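Asker: The structure is given below, and queries will be raised subsequently.
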Amino acid sequence: MKRLLAIAAAAILPTGLAFSQTPAPTTFEVADVHASPSSGNSFMNSGFYGGRYIVHSATLVDLIRISYGVEADAVYGGPSWLDSDRFEIVAKVPPRSSEADRQVMLQALLADRFKLVVHKEDKPQDVFTLTAGKKVLMKASEGEGRANCQPPEGRGPQPYIVLDCKNMAMADFATQFHQMAGGYVTHQVVDLTGLKGQFDFAIKWTPRGALRAGSSESEANPGISFFEAVDKQLGLKLAPEKRPMPAIVVDSVNRTPTDNAPGIDKALPPAPMEFDAASVKQNKSGGQVRRIQPKAGGRIEVENIPLKELIGLAWNVDRDPERIVGGPKWIETENFDIVAKTADFPMNSPPPFDQVRLMLQPLLKERFKLEAHMEDQPIPVWTLTVAKGGSKLKEADPASRSSCKGAPGDSTTVPMIVYTCQNTTMAQLAEAMHNFAGGYVNHPAVDMTGLTGGYDFKITWTPAGALMGGGRSGASGDAAGAGAAVDPNGGISFFEAVEKQLGLHLESGQKHPMPVLVIDHVEQLVEN
């Protein structure tokens with residue numbers, strides 16, 4: 001009887017489905033794993049194209065977060081370096097693999113190459129709970145479709161962020177607005193509304209950095225926080241709470257991954273090194289809008305960008321103009337548009353930015369006859385030293401995880417940034433400053449404190465653009481008095497915060513050897 005049922009079931013299956021399908025792979029075919037080179041531009045990103053899966057500049061916390069689908073805050077335990085050491089992964093996967101497939105393969109890679117052992121456990125975590133108010137103000141969606149939130153045509157009313165959302169289930173809301181309103185929603189959102197189905201709605205709010213309590217451009221256009229917008233415009237409540245949530249607990253892990261297999265470079269799918277087609281034109285509009293945007297399907301659009309900035313982008317020295325040496329003056333004053341494309345990327349995702357950098361290099365070499373090389377030269381830096389009054393840092397438990405996290409402050413009069421670090425060295429702090437306090441620290445920073453070991457500390461300061469009286473010192477000036485004018489709203493510059501809160505001192509005017517890009521030859525644009 002069972003045999004007859006099986007035959008009958010097979011008979012009604014569509015052609016091609018009568019036999020069991022090939023099971024999804026559980027491991028990468030081959031994988032290159034190695035430590036990331038030291039760089040001030042340590043931003044994690046990942047991508048998948050042409051059977052090539054890449055994770056760039058990722059900590060083990062990043063890799064665990066990606067592979068197990070949890071927030072970084074939900075990764076517990078592990079050694080001190082889990083949040084600080086960074087790694088590169090390039091792996092070969094079937095072109096039709098799904099994101100879920102790649103998560104399983106990444107879990108297997110971590111277990112194999114890092115000997116990672118974890119277990120799942122509920123842990124108390126900071127979250128935002130989403131509940132329904134007395135009257136839900138959203139409209140039920142009439143049709144089915146992909147959940148989507150887009151800004152309206154045109155810029156919309158300023159200074160708001162405005163989104164029109166369609167077919168949004170509450171689970172989608174929880175996921176997307178953790179990303180879209182990150183200035184407010186600093187932890188994952190847990191849906192407790194009990195609402196089923198999909199909804200259409202519009203929502204507008206003031207960016208966190210532009211919000212001032214008791215102020216507005218006019219009485220008809222006051223600022224509104226994201227939390228107020230959710231309440232008044234959607235009829236929902238979003239509130240911070242600590243509650244047990246699924247977590248990944250690290251039991252053991254090796255700091256050094258096992259060696260790559262011999263000949264790994266030849267076994268991996270080749271990375272696209274050039275665009276299939278590219279248009280490069282000079283932009284003579286004199287406009288103020290500048291844009292660099294990777295798009296889905298391997299497309300990159302560049303609008304109104306100086307050649308010097310494009311060169312810095314291609315060779316990953318774009319954060320510091322001083323790290324580009326030589327070349328005629330016109331590379332700083334003449335702007336260009338680029339539209340380029342390669343067919344090696346999937347249609348539903350943009351190419352990884354680091355791959356875009358590599359593909360820009362041959363394009364600029366071809367169109368501008370560019371020749372350049374890297375070498376170490378002294379460039380202006382900020383030096384971090386102990387202040388005259390002495391350090392105010394607290395020595396960390398050496399066994400605690402080394403990490404730094406930024407978040408908006410609670411001030412109601414002026415926007416503030418709070419940067420909290422645990423078991424962090426002064427070298428790590430100095431290297432990161434150019435990224436998290438770039439409005440003030442406009443050159444690389446170098447640790448000259450002489451302090452060893454890790455420290456626990458917190459810095460709270462006002463973003464440079466929001467500080468009354470400024471706050472950014474010139475390249476040759478001393479930071480001691482930068483932004484020292486009293487802000488009536490209680491703002492404080494980054495330099496003051498470092499001095500008063502940490503007992504450290506930032507000073508510019510010195511030079512330190514750093515890798516620079518030397519332009520040996522460049523010519524005017526060769527027409528398309």
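Note on naming: chains are A, B, ... as they come in the structure tokens, residues start from 1 per chain, ligands start from 1 in the order shown.
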If we count only C-alpha atoms, what is near region 432-449 of chain A at a cut-off of 6 Å, once residues fewer than 3 positions away on the same chain are taken out, given as a PyMOL selection string?

Answerer: chain A and resi 381-386+427+429+464+472

Asker: Sort by chain and increasing residue number a table of all residues of region 257-303 of chain A within 7 Å of region 330-340 of chain A, each with its closest pair of atoms and their distance in Å to one decimal, counting only C-alpha atoms, and write it as a tab-separated table.

Answerer:
residue	atom	partner	partner_atom	distance
A:Phe275	CA	A:Ala340	CA	6.3
A:Ala277	CA	A:Ala340	CA	5.7
A:Ala278	CA	A:Ala340	CA	4.0
A:Ser279	CA	A:Val339	CA	5.3
A:Val280	CA	A:Ile338	CA	4.6
A:Lys281	CA	A:Asp337	CA	5.3
A:Gln282	CA	A:Phe336	CA	4.3
A:Asn283	CA	A:Phe336	CA	4.8
A:Arg299	CA	A:Ala340	CA	5.8
A:Ile300	CA	A:Ala340	CA	5.4
A:Glu301	CA	A:Val339	CA	4.8
A:Val302	CA	A:Ile338	CA	4.8
A:Glu303	CA	A:Asp337	CA	4.5

Asker: With only C-alpha atoms as the atoms that count, which of A:Gln422, A:Ser141, A:Gln198, A:Gln377 lies nearest to Ala171 (chain A)?

Answerer: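 The answer is A:Gln198, which sits nearest to Ala171 (chain A).
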
Asker: Which is closest to Pro350 (chain A) among A:Thr460, A:Gln293, A:Ser285, A:Thr258, if we use only C-alpha atoms?

Answerer: A:Gln293
